[in-house]
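Enquirer: Take a look at model-v3.cif, mmCIF, C-alpha atoms:
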```
data_protein
#
loop_
_atom_site.label_atom_id
_atom_site.label_comp_id
_atom_site.auth_asym_id
_atom_site.auth_seq_id
_atom_site.Cartn_x
_atom_site.Cartn_y
_atom_site.Cartn_z
CA MET A 1 9.93 1.35 -18.42
CA SER A 2 6.80 1.39 -20.59
CA GLU A 3 5.95 -2.12 -19.36
CA VAL A 4 6.10 -0.89 -15.76
CA PHE A 5 4.09 2.25 -16.51
CA LEU A 6 1.28 0.38 -18.29
CA ALA A 7 1.12 -2.34 -15.62
CA PHE A 8 0.83 0.17 -12.79
CA LEU A 9 -1.54 2.43 -14.73
CA ARG A 10 -3.97 -0.46 -14.96
CA LEU A 11 -3.48 -1.14 -11.26
CA GLY A 12 -4.01 2.56 -10.52
CA VAL A 13 -7.35 2.47 -12.33
CA THR A 14 -8.60 -0.81 -10.87
CA SER A 15 -7.08 -1.12 -7.36
CA PHE A 16 -9.95 -0.28 -5.04
CA GLY A 17 -10.21 -1.12 -1.36
CA GLY A 18 -7.25 0.47 0.42
CA PRO A 19 -3.60 -0.49 1.02
CA VAL A 20 -4.14 -4.11 2.00
CA ALA A 21 -6.27 -4.71 -1.08
CA HIS A 22 -3.56 -3.06 -3.18
CA LEU A 23 -1.10 -5.70 -1.98
CA GLY A 24 -3.56 -8.31 -3.20
CA TYR A 25 -3.87 -6.64 -6.60
CA PHE A 26 -0.07 -6.37 -6.88
CA ARG A 27 0.38 -10.03 -6.06
CA ASP A 28 -2.28 -11.17 -8.52
CA ASP A 29 -0.94 -9.12 -11.43
CA LEU A 30 2.80 -8.76 -10.83
CA VAL A 31 3.69 -11.92 -8.88
CA VAL A 32 1.23 -14.55 -10.09
CA ARG A 33 0.53 -13.38 -13.66
CA ARG A 34 3.65 -11.47 -14.74
CA LYS A 35 6.08 -13.34 -12.42
CA TRP A 36 8.22 -10.28 -11.68
CA MET A 37 9.21 -11.95 -8.40
CA ASP A 38 8.15 -14.99 -6.39
CA ASP A 39 5.92 -15.09 -3.32
CA ARG A 40 8.86 -15.35 -0.93
CA ALA A 41 10.56 -12.23 -2.29
CA TYR A 42 7.21 -10.42 -2.38
CA ALA A 43 6.49 -11.26 1.26
CA ASP A 44 9.98 -10.09 2.26
CA LEU A 45 9.41 -6.79 0.47
CA VAL A 46 5.98 -6.32 2.10
CA ALA A 47 7.49 -7.02 5.53
CA LEU A 48 10.30 -4.54 4.92
CA CYS A 49 7.89 -1.79 3.83
CA GLN A 50 5.66 -2.44 6.85
CA PHE A 51 8.66 -1.69 9.07
CA LEU A 52 9.38 1.64 7.36
CA PRO A 53 7.49 4.94 7.62
CA GLY A 54 5.38 5.88 4.62
CA PRO A 55 2.61 4.36 2.47
CA ALA A 56 3.48 0.65 2.57
CA SER A 57 1.60 -0.50 -0.54
CA SER A 58 2.94 2.38 -2.64
CA GLN A 59 6.46 1.64 -1.37
CA VAL A 60 6.04 -1.98 -2.48
CA GLY A 61 4.98 -0.78 -5.94
CA PHE A 62 7.88 1.70 -6.11
CA ALA A 63 10.37 -1.05 -5.17
CA MET A 64 8.91 -3.47 -7.72
CA GLY A 65 9.24 -0.81 -10.43
CA LEU A 66 12.81 -0.15 -9.27
CA GLN A 67 13.74 -3.81 -9.43
CA ARG A 68 12.13 -4.22 -12.86
CA ALA A 69 13.43 -1.12 -14.66
CA GLY A 70 15.69 0.91 -12.38
CA ILE A 71 14.95 4.39 -11.12
CA LEU A 72 12.90 5.27 -14.21
CA GLY A 73 10.80 2.18 -13.55
CA ALA A 74 10.30 3.23 -9.93
CA LEU A 75 9.16 6.70 -11.00
CA ALA A 76 6.93 5.19 -13.68
CA ALA A 77 5.30 2.92 -11.06
CA PHE A 78 4.72 5.87 -8.72
CA VAL A 79 3.24 8.17 -11.39
CA ALA A 80 1.07 5.52 -13.04
CA PHE A 81 -0.33 4.12 -9.80
CA THR A 82 -0.91 7.52 -8.21
CA LEU A 83 -2.11 9.69 -11.10
CA PRO A 84 -5.64 8.29 -11.67
CA SER A 85 -6.87 8.86 -8.11
CA ALA A 86 -5.01 12.17 -7.79
CA VAL A 87 -6.67 13.53 -10.94
CA LEU A 88 -10.11 12.41 -9.76
CA LEU A 89 -9.66 14.01 -6.34
CA VAL A 90 -8.38 17.29 -7.78
CA ALA A 91 -11.42 17.30 -10.07
CA PHE A 92 -13.60 16.72 -7.03
CA ALA A 93 -11.92 19.63 -5.27
CA GLY A 94 -12.87 21.77 -8.27
CA GLY A 95 -16.52 20.79 -7.95
CA ALA A 96 -16.65 17.99 -10.52
CA SER A 97 -18.35 15.50 -8.20
CA LEU A 98 -20.26 12.64 -9.79
CA LEU A 99 -20.61 10.59 -6.61
CA GLY A 100 -24.28 11.17 -5.82
CA GLY A 101 -27.27 8.95 -6.48
CA PRO A 102 -28.08 5.29 -5.84
CA ILE A 103 -26.20 3.96 -8.88
CA ALA A 104 -22.96 5.67 -7.87
CA ALA A 105 -23.46 4.46 -4.30
CA GLY A 106 -24.01 0.93 -5.61
CA VAL A 107 -20.82 1.05 -7.67
CA LEU A 108 -18.86 2.18 -4.60
CA SER A 109 -20.37 -0.58 -2.49
CA GLY A 110 -19.60 -3.19 -5.14
CA LEU A 111 -15.98 -2.06 -5.37
CA GLN A 112 -15.61 -2.39 -1.61
CA ILE A 113 -17.11 -5.88 -1.75
CA VAL A 114 -14.80 -7.05 -4.52
CA ALA A 115 -11.85 -5.89 -2.40
CA VAL A 116 -12.86 -8.66 0.05
CA ALA A 117 -12.33 -11.23 -2.69
CA ILE A 118 -9.00 -9.72 -3.76
CA VAL A 119 -7.58 -9.70 -0.23
CA ALA A 120 -8.93 -13.20 0.50
CA GLN A 121 -7.19 -14.51 -2.62
CA ALA A 122 -3.93 -12.88 -1.53
CA VAL A 123 -4.18 -14.35 1.99
CA TRP A 124 -5.00 -17.80 0.64
CA GLY A 125 -2.21 -17.83 -1.94
CA MET A 126 0.46 -16.41 0.35
CA ALA A 127 -0.53 -18.74 3.20
CA ARG A 128 0.04 -21.79 1.00
CA THR A 129 3.54 -20.57 0.13
CA LEU A 130 4.68 -18.87 3.32
CA THR A 131 3.14 -21.04 6.06
CA PRO A 132 3.88 -24.60 4.86
CA ASP A 133 4.63 -25.97 8.34
CA ALA A 134 3.33 -25.81 11.91
CA PRO A 135 5.83 -23.23 13.28
CA ARG A 136 5.07 -20.72 10.53
CA ALA A 137 1.34 -21.36 10.73
CA GLY A 138 1.59 -20.64 14.46
CA LEU A 139 3.47 -17.40 13.79
CA ALA A 140 0.78 -16.39 11.29
CA VAL A 141 -1.91 -16.95 13.93
CA ALA A 142 0.11 -14.95 16.47
CA GLY A 143 0.44 -12.14 13.93
CA LEU A 144 -3.28 -12.30 13.24
CA ALA A 145 -4.09 -12.03 16.95
CA LEU A 146 -1.75 -9.08 17.54
CA ALA A 147 -3.00 -7.20 14.49
CA LEU A 148 -6.61 -7.69 15.60
CA LEU A 149 -6.10 -6.87 19.27
CA LEU A 150 -3.83 -3.85 18.69
CA PRO A 151 -5.31 -1.99 15.72
CA GLY A 152 -3.15 0.17 13.50
CA ALA A 153 0.64 0.48 13.39
CA PRO A 154 1.35 -0.92 16.92
CA GLY A 155 -0.32 -4.22 16.12
CA GLN A 156 1.32 -4.53 12.70
CA LEU A 157 4.79 -3.72 14.00
CA GLY A 158 4.26 -6.01 16.98
CA ALA A 159 3.19 -8.86 14.70
CA LEU A 160 6.26 -8.40 12.52
CA ALA A 161 8.51 -8.30 15.59
CA VAL A 162 7.01 -11.56 16.87
CA GLY A 163 7.45 -13.07 13.41
CA VAL A 164 11.12 -12.06 13.28
CA LEU A 165 11.81 -13.34 16.81
CA GLY A 166 9.89 -16.55 16.14
CA GLY A 167 11.80 -17.09 12.91
CA LEU A 168 15.14 -16.73 14.71
CA LEU A 169 14.09 -19.12 17.49
CA LEU A 170 12.09 -21.70 15.53
CA LEU A 171 13.26 -21.63 11.93
CA GLY A 172 17.01 -21.08 12.12
CA ALA A 173 17.88 -24.65 11.21
CA ALA A 174 14.85 -25.41 9.05
CA PRO A 175 15.69 -25.85 5.35
CA GLU A 176 13.62 -23.82 2.90
CA PRO A 177 11.33 -25.78 0.56
CA PHE A 178 12.71 -23.70 -2.35
CA ALA A 179 15.44 -21.12 -2.67
CA PRO A 180 15.11 -19.08 -5.85
CA ALA A 181 17.44 -16.11 -6.21
CA LEU A 182 15.96 -12.96 -4.79
CA PRO A 183 15.98 -9.98 -7.16
CA ALA A 184 18.49 -7.25 -6.33
CA PHE A 185 17.45 -3.61 -6.39
CA GLY A 186 20.79 -2.20 -7.52
CA VAL A 187 20.86 0.97 -5.41
CA PRO A 188 24.42 2.30 -4.82
CA ARG A 189 25.26 3.00 -1.19
CA GLY A 190 26.13 6.61 -2.00
CA VAL A 191 22.62 7.13 -3.33
CA ALA A 192 21.20 5.47 -0.22
CA VAL A 193 23.14 7.76 2.11
CA THR A 194 22.04 10.80 0.10
CA CYS A 195 18.40 9.73 0.41
CA LEU A 196 18.80 9.25 4.16
CA VAL A 197 20.29 12.75 4.49
CA LEU A 198 17.42 14.20 2.44
CA PHE A 199 14.88 12.38 4.62
CA ALA A 200 16.44 13.62 7.86
CA GLY A 201 16.99 17.09 6.42
CA GLY A 202 13.40 17.36 5.27
CA LEU A 203 12.02 16.23 8.61
CA GLY A 204 14.23 18.50 10.67
CA GLY A 205 14.99 21.31 8.28
CA LEU A 206 11.68 22.12 6.60
CA PRO A 207 10.02 23.50 9.80
CA ILE A 208 13.06 25.77 10.33
CA LEU A 209 13.09 26.87 6.71
CA ALA A 210 9.36 27.62 6.81
CA ALA A 211 9.79 29.71 9.98
CA VAL A 212 12.80 31.61 8.66
CA THR A 213 11.48 32.37 5.18
CA GLY A 214 7.79 32.72 6.00
CA SER A 215 7.10 31.02 2.66
CA ALA A 216 3.60 29.61 2.29
CA ASP A 217 4.84 27.05 -0.23
CA VAL A 218 7.51 25.76 2.17
CA SER A 219 4.93 25.57 4.99
CA LEU A 220 2.68 23.47 2.76
CA VAL A 221 5.52 21.11 1.83
CA ASP A 222 6.57 20.84 5.49
CA ALA A 223 3.09 19.85 6.67
CA PHE A 224 2.69 17.10 4.09
CA PHE A 225 6.29 15.88 4.36
CA ARG A 226 5.86 15.39 8.12
CA SER A 227 2.58 13.55 7.57
CA GLY A 228 4.28 11.12 5.20
CA ALA A 229 7.37 10.70 7.36
CA LEU A 230 5.68 9.95 10.67
CA VAL A 231 3.14 7.33 9.65
CA PHE A 232 3.70 3.56 9.53
CA GLY A 233 1.61 1.39 7.22
CA GLY A 234 0.02 4.31 5.39
CA GLY A 235 -3.65 4.34 4.49
CA HIS A 236 -6.08 5.57 7.12
CA VAL A 237 -3.29 5.95 9.71
CA VAL A 238 -2.24 9.20 8.01
CA LEU A 239 -5.62 10.92 8.50
CA PRO A 240 -5.00 12.29 12.04
CA LEU A 241 -1.68 13.74 10.87
CA LEU A 242 -3.30 15.37 7.85
CA GLN A 243 -6.11 16.74 9.99
CA ALA A 244 -3.58 18.28 12.37
CA GLY A 245 -1.62 19.70 9.46
CA VAL A 246 -4.39 21.35 7.45
CA VAL A 247 -7.60 21.52 9.52
CA GLU A 248 -6.26 22.55 12.93
CA THR A 249 -4.14 25.19 11.19
CA GLY A 250 -7.20 26.56 9.40
CA TRP A 251 -5.91 25.85 5.88
CA VAL A 252 -8.88 23.57 5.02
CA SER A 253 -12.30 23.60 6.67
CA PRO A 254 -13.44 20.50 8.63
CA GLU A 255 -16.41 20.11 6.25
CA ALA A 256 -14.19 20.16 3.17
CA PHE A 257 -11.79 17.71 4.83
CA LEU A 258 -14.56 15.19 5.52
CA SER A 259 -16.06 15.59 2.06
CA GLY A 260 -12.69 14.90 0.47
CA TYR A 261 -12.13 11.90 2.71
CA GLY A 262 -15.48 10.51 1.55
CA ALA A 263 -14.50 11.07 -2.09
CA ALA A 264 -11.16 9.35 -1.49
CA GLN A 265 -13.04 6.16 -0.59
CA ALA A 266 -14.67 6.15 -4.03
CA VAL A 267 -11.51 6.28 -6.13
CA PRO A 268 -8.86 3.61 -6.81
CA GLY A 269 -5.22 3.86 -5.87
CA PRO A 270 -3.48 4.99 -2.67
CA LEU A 271 -5.31 6.97 0.01
CA PHE A 272 -2.26 9.25 0.20
CA THR A 273 -3.62 10.95 -2.95
CA PHE A 274 -6.11 12.60 -0.58
CA SER A 275 -3.21 15.03 -0.17
CA ALA A 276 -3.75 16.26 -3.74
CA TYR A 277 -7.31 17.24 -2.85
CA LEU A 278 -6.14 19.04 0.30
CA GLY A 279 -3.29 20.80 -1.51
CA ALA A 280 -5.68 22.02 -4.19
CA LEU A 281 -8.06 23.50 -1.58
CA SER A 282 -5.49 24.77 0.94
CA SER A 283 -5.54 28.49 1.71
CA VAL A 284 -1.76 28.25 2.20
CA GLY A 285 0.42 27.65 -0.85
CA PRO A 286 -0.39 28.05 -4.54
CA GLY A 287 -3.66 26.09 -4.44
CA GLY A 288 -5.20 24.42 -7.46
CA ILE A 289 -3.16 22.00 -9.55
CA ALA A 290 0.18 23.45 -8.36
CA GLY A 291 -0.84 23.06 -4.70
CA ALA A 292 -2.03 19.51 -5.39
CA ALA A 293 1.28 18.61 -7.03
CA LEU A 294 3.31 20.08 -4.16
CA ALA A 295 1.27 18.26 -1.50
CA LEU A 296 1.36 14.98 -3.44
CA ALA A 297 5.13 15.06 -3.95
CA ALA A 298 5.75 16.09 -0.34
CA ILE A 299 3.68 13.33 1.28
CA PHE A 300 5.13 10.50 -0.83
CA ALA A 301 8.76 11.71 -0.81
CA PRO A 302 9.80 10.65 2.73
CA GLY A 303 8.55 7.08 2.34
CA TYR A 304 10.42 6.63 -0.92
CA LEU A 305 13.58 8.30 0.40
CA VAL A 306 13.78 6.03 3.45
CA LEU A 307 13.03 2.96 1.31
CA VAL A 308 15.87 3.72 -1.12
CA ALA A 309 18.13 4.46 1.86
CA VAL A 310 17.53 0.97 3.27
CA LEU A 311 17.57 -1.17 0.10
CA PRO A 312 21.37 -1.48 -0.45
CA PHE A 313 21.87 -2.75 3.10
CA TRP A 314 18.89 -5.05 2.63
CA ASP A 315 20.53 -6.50 -0.50
CA ALA A 316 23.73 -7.10 1.47
CA VAL A 317 22.27 -8.99 4.44
CA ARG A 318 19.04 -10.70 3.41
CA ASP A 319 20.64 -13.95 2.15
CA ARG A 320 22.46 -14.65 5.41
CA PRO A 321 21.01 -17.74 7.16
CA ARG A 322 19.80 -16.02 10.32
CA VAL A 323 18.38 -13.12 8.33
CA ARG A 324 16.59 -15.61 6.07
CA ALA A 325 15.17 -17.35 9.16
CA ALA A 326 13.99 -14.00 10.53
CA MET A 327 12.37 -13.10 7.23
CA ARG A 328 10.64 -16.47 6.94
CA GLY A 329 9.08 -15.69 10.30
CA ALA A 330 8.23 -12.17 9.15
CA GLY A 331 6.66 -13.59 6.00
CA ALA A 332 4.41 -15.79 8.13
CA ALA A 333 3.49 -12.73 10.21
CA VAL A 334 2.58 -10.84 7.02
CA VAL A 335 0.03 -13.56 6.28
CA GLY A 336 -1.46 -12.96 9.73
CA ILE A 337 -1.50 -9.18 9.24
CA LEU A 338 -3.29 -9.55 5.90
CA GLY A 339 -5.72 -12.00 7.48
CA ALA A 340 -6.54 -9.48 10.22
CA ALA A 341 -7.07 -6.75 7.64
CA LEU A 342 -9.30 -9.11 5.65
CA TYR A 343 -11.60 -9.22 8.66
CA THR A 344 -11.38 -5.55 9.61
CA PRO A 345 -11.71 -3.15 7.94
CA VAL A 346 -12.16 -4.96 4.60
CA PHE A 347 -14.86 -7.53 5.46
CA THR A 348 -16.63 -5.66 8.26
CA THR A 349 -16.92 -2.51 6.15
CA ALA A 350 -18.03 -4.08 2.87
CA VAL A 351 -20.10 -7.15 3.78
CA THR A 352 -23.25 -5.83 5.44
CA SER A 353 -25.85 -8.18 3.92
CA ALA A 354 -26.33 -11.69 2.55
CA GLY A 355 -26.23 -10.30 -0.98
CA ALA A 356 -22.92 -8.58 -0.32
CA PHE A 357 -21.48 -11.81 1.10
CA LEU A 358 -22.65 -13.73 -1.98
CA LEU A 359 -21.04 -11.16 -4.29
CA ALA A 360 -17.76 -11.44 -2.36
CA VAL A 361 -17.84 -15.25 -2.67
CA VAL A 362 -18.54 -15.00 -6.40
CA GLY A 363 -15.55 -12.69 -6.80
CA PHE A 364 -13.31 -15.06 -4.83
CA VAL A 365 -14.37 -18.07 -6.92
CA LEU A 366 -13.86 -16.15 -10.17
CA LEU A 367 -10.33 -15.24 -9.06
CA THR A 368 -9.24 -18.60 -7.67
CA ALA A 369 -11.15 -21.27 -9.61
CA PHE A 370 -11.78 -19.58 -12.96
CA ARG A 371 -8.56 -17.47 -12.99
CA VAL A 372 -10.48 -14.37 -14.08
CA PRO A 373 -8.16 -11.32 -13.99
CA ALA A 374 -8.65 -8.88 -11.13
CA TRP A 375 -9.68 -5.97 -13.37
CA ALA A 376 -12.56 -8.07 -14.77
CA VAL A 377 -13.67 -9.07 -11.28
CA VAL A 378 -13.69 -5.35 -10.38
CA LEU A 379 -16.20 -4.77 -13.19
CA VAL A 380 -18.32 -7.68 -11.98
CA GLY A 381 -18.24 -6.26 -8.45
CA ALA A 382 -19.28 -2.79 -9.62
CA ALA A 383 -22.19 -4.21 -11.61
CA GLY A 384 -23.20 -6.46 -8.70
CA GLY A 385 -23.13 -3.49 -6.33
CA VAL A 386 -25.52 -1.58 -8.58
CA VAL A 387 -27.88 -4.57 -8.67
CA LEU A 388 -27.82 -4.82 -4.88
CA ALA A 389 -28.45 -1.08 -4.52
CA LEU A 390 -31.49 -1.16 -6.82
CA THR A 391 -33.12 -4.27 -5.34
#
```
Rewrite the coordinates I just gave you, this time as structure tokens.
Expert:
Amino acid sequence: MSEVFLAFLRLGVTSFGGPVAHLGYFRDDLVVRRKWMDDRAYADLVALCQFLPGPASSQVGFAMGLQRAGILGALAAFVAFTLPSAVLLVAFAGGASLLGGPIAAGVLSGLQIVAVAIVAQAVWGMARTLTPDAPRAGLAVAGLALALLLPGAPGQLGALAVGVLGGLLLLGAAPEPFAPALPAFGVPRGVAVTCLVLFAGGLGGLPILAAVTGSADVSLVDAFFRSGALVFGGGHVVLPLLQAGVVETGWVSPEAFLSGYGAAQAVPGPLFTFSAYLGALSSVGPGGIAGAALALAAIFAPGYLVLVAVLPFWDAVRDRPRVRAAMRGAGAAVVGILGAALYTPVFTTAVTSAGAFLLAVVGFVLLTAFRVPAWAVVLVGAAGGVVLALT
């Protein structure tokens, strides 16, 4: 468990750039360097989490911790990856903002630029493994097109659906170039059913419980649980739900909401930790650290519950030939989805000048040609961003 905690703590401190970049960081550290699973298994897991509600990159991390060290490993992965950004955002909510000035702005810009290199490395590496032939390359391009033309969850889910259908139609009889054993997650079916009941009960029962009891704490948990349960892909997709839950209800002012969203862009780790900031400031619930903890647990819980509910059935069916064909197609679609995200929002947001493009290329070369670890490239990116800001 300590191995999992330390690995994800480092990722929680260094993983800038949003959920797609996180998948790149995970692959670089846990798949390529530590070899916890191979690219095929990783792509299958990413595809599965994209299909489920909740924060996809955090679900991938939770599942990798589960596979590595059981339920304690899963909890260790969640806490270690989430805690750094949550602590920073709660500190920001308390007025401890250090984000002003040109140097801080340069660091933020550099971190966004280095995310381009991280995602590009992930796309390049996964494409070589998961699109080795013309049919899968075509499915990747189709996934890329859908993800670009239909932004957000519809495009991602559509791309995965096309990948699954294409895999069934085009890859059913194609032998795999390699067939290593996929890691099992070891979740008993009784636990899975319990998690599914808790997910459904939370989604349907919390609003009733809040209305019956009039409890401010239950109302807070309900708002954040629904936000986590009704979003696919995570990241920025959750913002409209959070705004409806805390701004339109008057719990958090629009100005404070936007300020916190800006701060959330400057910290590593999952964007869902924005909930800790909102829980700390909310006029409903305990507020402060207790409110942050309630909001944080509530928004992550549904995604993890539904993931655990699905995993035993996933273990049972994923090695069947037609399921493998479908998942090979889905893996190709994942490459397309990551490629689309590499363009927007990662590239279009970060690369706004020739200097920024050069810094992104330097980061990519350091990662791919010189095998420099991602955390070191993050430091190079931060320093490069400061140089660009001051010149």
Enquirer: Suppose you want the space between CA of Ser227 (chain A) and CA of Val60 (chain A); what is it in Å?
Expert: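 Atom-to-atom, CA of Ser227 (chain A) to CA of Val60 (chain A), that is 18.8 Å.
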Enquirer: Calculate how many Å separate CA of Phe62 (chain A) from CA of Val79 (chain A), rounding to one decimal.
Expert: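 The value is 9.6 Å.
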Enquirer: Show me, as a list in words, the residues that have an atom within 7 Å of Gln59 (chain A) when counting all atoms listed in the file, minus same-chain residues fewer than 6 positions from it.
Expert: Cys49, Gly303 and Tyr304 of chain A
Enquirer: How would you write as a PDB file with C-alpha atoms, in the frame of the given file the residues that get within 10 Å of (-2.8, 15.2, 2.6) in the file's frame, counting all atoms listed in the file?
Expert:
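The file below, part.pdb, is the result:
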```pdb
ATOM      1  CA  LEU A 220       2.680  23.470   2.760  1.00  0.00           C
ATOM      2  CA  ALA A 223       3.090  19.850   6.670  1.00  0.00           C
ATOM      3  CA  PHE A 224       2.690  17.100   4.090  1.00  0.00           C
ATOM      4  CA  PHE A 225       6.290  15.880   4.360  1.00  0.00           C
ATOM      5  CA  SER A 227       2.580  13.550   7.570  1.00  0.00           C
ATOM      6  CA  GLY A 228       4.280  11.120   5.200  1.00  0.00           C
ATOM      7  CA  VAL A 238      -2.240   9.200   8.010  1.00  0.00           C
ATOM      8  CA  LEU A 239      -5.620  10.920   8.500  1.00  0.00           C
ATOM      9  CA  LEU A 241      -1.680  13.740  10.870  1.00  0.00           C
ATOM     10  CA  LEU A 242      -3.300  15.370   7.850  1.00  0.00           C
ATOM     11  CA  GLN A 243      -6.110  16.740   9.990  1.00  0.00           C
ATOM     12  CA  GLY A 245      -1.620  19.700   9.460  1.00  0.00           C
ATOM     13  CA  VAL A 246      -4.390  21.350   7.450  1.00  0.00           C
ATOM     14  CA  PHE A 257     -11.790  17.710   4.830  1.00  0.00           C
ATOM     15  CA  TYR A 261     -12.130  11.900   2.710  1.00  0.00           C
ATOM     16  CA  LEU A 271      -5.310   6.970   0.010  1.00  0.00           C
ATOM     17  CA  PHE A 272      -2.260   9.250   0.200  1.00  0.00           C
ATOM     18  CA  THR A 273      -3.620  10.950  -2.950  1.00  0.00           C
ATOM     19  CA  PHE A 274      -6.110  12.600  -0.580  1.00  0.00           C
ATOM     20  CA  SER A 275      -3.210  15.030  -0.170  1.00  0.00           C
ATOM     21  CA  ALA A 276      -3.750  16.260  -3.740  1.00  0.00           C
ATOM     22  CA  TYR A 277      -7.310  17.240  -2.850  1.00  0.00           C
ATOM     23  CA  LEU A 278      -6.140  19.040   0.300  1.00  0.00           C
ATOM     24  CA  GLY A 279      -3.290  20.800  -1.510  1.00  0.00           C
ATOM     25  CA  ALA A 292      -2.030  19.510  -5.390  1.00  0.00           C
ATOM     26  CA  ALA A 295       1.270  18.260  -1.500  1.00  0.00           C
ATOM     27  CA  LEU A 296       1.360  14.980  -3.440  1.00  0.00           C
ATOM     28  CA  ALA A 298       5.750  16.090  -0.340  1.00  0.00           C
ATOM     29  CA  ILE A 299       3.680  13.330   1.280  1.00  0.00           C
ATOM     30  CA  PHE A 300       5.130  10.500  -0.830  1.00  0.00           C
TER      31      PHE A 300
END
```
Enquirer: Have a look at A:Ala280, A:Val310, A:Met327, A:Leu359 and name the one nearest to Leu379 (chain A); count only C-alpha atoms.
Expert: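 The answer is A:Leu359, which sits nearest to Leu379 (chain A).
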Enquirer: Fewer than 6 positions away in the same chain doesn't count, so skip those; otherwise give me all residues within 9 Å of Ala7 (chain A), counting only C-alpha atoms, as number ranges by chain.
Expert: A: 29-30, 77, 80-81
Enquirer: Nearest to Ala86 (chain A) among A:Leu366, A:Leu230, A:Val13, A:Ala382, with distances taken over only C-alpha atoms: which residue is it?
Expert: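 Of the candidates, the smallest distance to Ala86 (chain A) is held by A:Val13.
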Enquirer: Which polymer residues have any atom within 12 Å of an atom of Glu3 (chain A), counting all atoms listed in the file, with same-chain residues fewer than 4 positions away left out, as a PyMOL selection string?
Expert: chain A and resi 7-10+30+34+36+65+68-69+72-74+76-77+80
Enquirer: Could you save the residues just selected, with C-alpha atoms, as a PDB file, in the coordinates of the input?
Expert:
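The resulting file, out_23.pdb, is shown below:
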```pdb
ATOM      1  CA  ALA A   7       1.120  -2.340 -15.620  1.00  0.00           C
ATOM      2  CA  PHE A   8       0.830   0.170 -12.790  1.00  0.00           C
ATOM      3  CA  LEU A   9      -1.540   2.430 -14.730  1.00  0.00           C
ATOM      4  CA  ARG A  10      -3.970  -0.460 -14.960  1.00  0.00           C
ATOM      5  CA  LEU A  30       2.800  -8.760 -10.830  1.00  0.00           C
ATOM      6  CA  ARG A  34       3.650 -11.470 -14.740  1.00  0.00           C
ATOM      7  CA  TRP A  36       8.220 -10.280 -11.680  1.00  0.00           C
ATOM      8  CA  GLY A  65       9.240  -0.810 -10.430  1.00  0.00           C
ATOM      9  CA  ARG A  68      12.130  -4.220 -12.860  1.00  0.00           C
ATOM     10  CA  ALA A  69      13.430  -1.120 -14.660  1.00  0.00           C
ATOM     11  CA  LEU A  72      12.900   5.270 -14.210  1.00  0.00           C
ATOM     12  CA  GLY A  73      10.800   2.180 -13.550  1.00  0.00           C
ATOM     13  CA  ALA A  74      10.300   3.230  -9.930  1.00  0.00           C
ATOM     14  CA  ALA A  76       6.930   5.190 -13.680  1.00  0.00           C
ATOM     15  CA  ALA A  77       5.300   2.920 -11.060  1.00  0.00           C
ATOM     16  CA  ALA A  80       1.070   5.520 -13.040  1.00  0.00           C
TER      17      ALA A  80
END
```
Enquirer: Go through A:Met37, A:Val378, A:Ala104, A:Val162 one by one, measure the shortest atom-to-atom distance of each to Ser15 (chain A) using all atoms listed in the file, and give the residue with the smallest value.
Expert: A:Val378
Enquirer: Within 9 Å of (5.8, -10.0, 7.9), in the coordinates the file gives, what residues turn up when you count only C-alpha atoms, written out as a list in words?
Expert: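 Protein, DNA and RNA residues close to (5.8, -10.0, 7.9): Ala43, Asp44, Leu45, Val46, Ala47, Leu48, Gln50, Phe51, Ala140, Gly143, Gln156, Leu157, Ala159, Leu160, Ala161, Gly163, Val164, Met327, Arg328, Gly329, Ala330, Gly331, Ala332, Ala333, Val334, Val335, Gly336 and Ile337 of chain A.
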Enquirer: Please expand the PyMOL selection byres ((chain A and resi 342) around 9) into the concrete residues it hits in this file, giving the result as a PyMOL selection string.
Expert: chain A and resi 20-21+116+119-120+123+337-341+343-348
Enquirer: Could you tell me which residues the PyMOL selection byres ((chain A and resi 38) around 12) grabs in this file, written as an NGL selection string?
Expert: :A and (26-37 or 39-45 or 64 or 125-126 or 129-130 or 178-183)
Enquirer: Please provide as a compact mmCIF listing (two decimals) with C-alpha atoms, in the coordinates of the input all residues within 12 Å of Ala356 (chain A), with the sequence filter that same-chain residues fewer than 5 positions apart are discarded (counting only C-alpha atoms).
Expert:
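result24.txt, freshly written:
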```txt
# COMPACT_ATOMS: atom_id res chain seq x y z
CA GLY A 106 -24.01 0.93 -5.61
CA SER A 109 -20.37 -0.58 -2.49
CA GLY A 110 -19.60 -3.19 -5.14
CA LEU A 111 -15.98 -2.06 -5.37
CA GLN A 112 -15.61 -2.39 -1.61
CA ILE A 113 -17.11 -5.88 -1.75
CA VAL A 114 -14.80 -7.05 -4.52
CA ALA A 115 -11.85 -5.89 -2.40
CA VAL A 116 -12.86 -8.66 0.05
CA ALA A 117 -12.33 -11.23 -2.69
CA PHE A 347 -14.86 -7.53 5.46
CA THR A 348 -16.63 -5.66 8.26
CA THR A 349 -16.92 -2.51 6.15
CA ALA A 350 -18.03 -4.08 2.87
CA VAL A 351 -20.10 -7.15 3.78
CA VAL A 361 -17.84 -15.25 -2.67
CA VAL A 362 -18.54 -15.00 -6.40
CA GLY A 363 -15.55 -12.69 -6.80
CA GLY A 381 -18.24 -6.26 -8.45
CA ALA A 382 -19.28 -2.79 -9.62
CA GLY A 384 -23.20 -6.46 -8.70
CA GLY A 385 -23.13 -3.49 -6.33
CA VAL A 386 -25.52 -1.58 -8.58
CA VAL A 387 -27.88 -4.57 -8.67
CA LEU A 388 -27.82 -4.82 -4.88
CA ALA A 389 -28.45 -1.08 -4.52
```
Enquirer: Once the PyMOL selection byres ((chain A and resi 311) around 10) has been applied to the shown file, what residues remain in the selection, as a list in words?
Expert: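 Checked against the file, the PyMOL selection byres ((chain A and resi 311) around 10) matches Leu45, Leu48, Ala63, Ala184, Phe185, Gly186, Val187, Pro188, Arg189, Ala192, Val306, Leu307, Val308, Ala309, Val310, Pro312, Phe313, Trp314, Asp315 and Ala316 of chain A.
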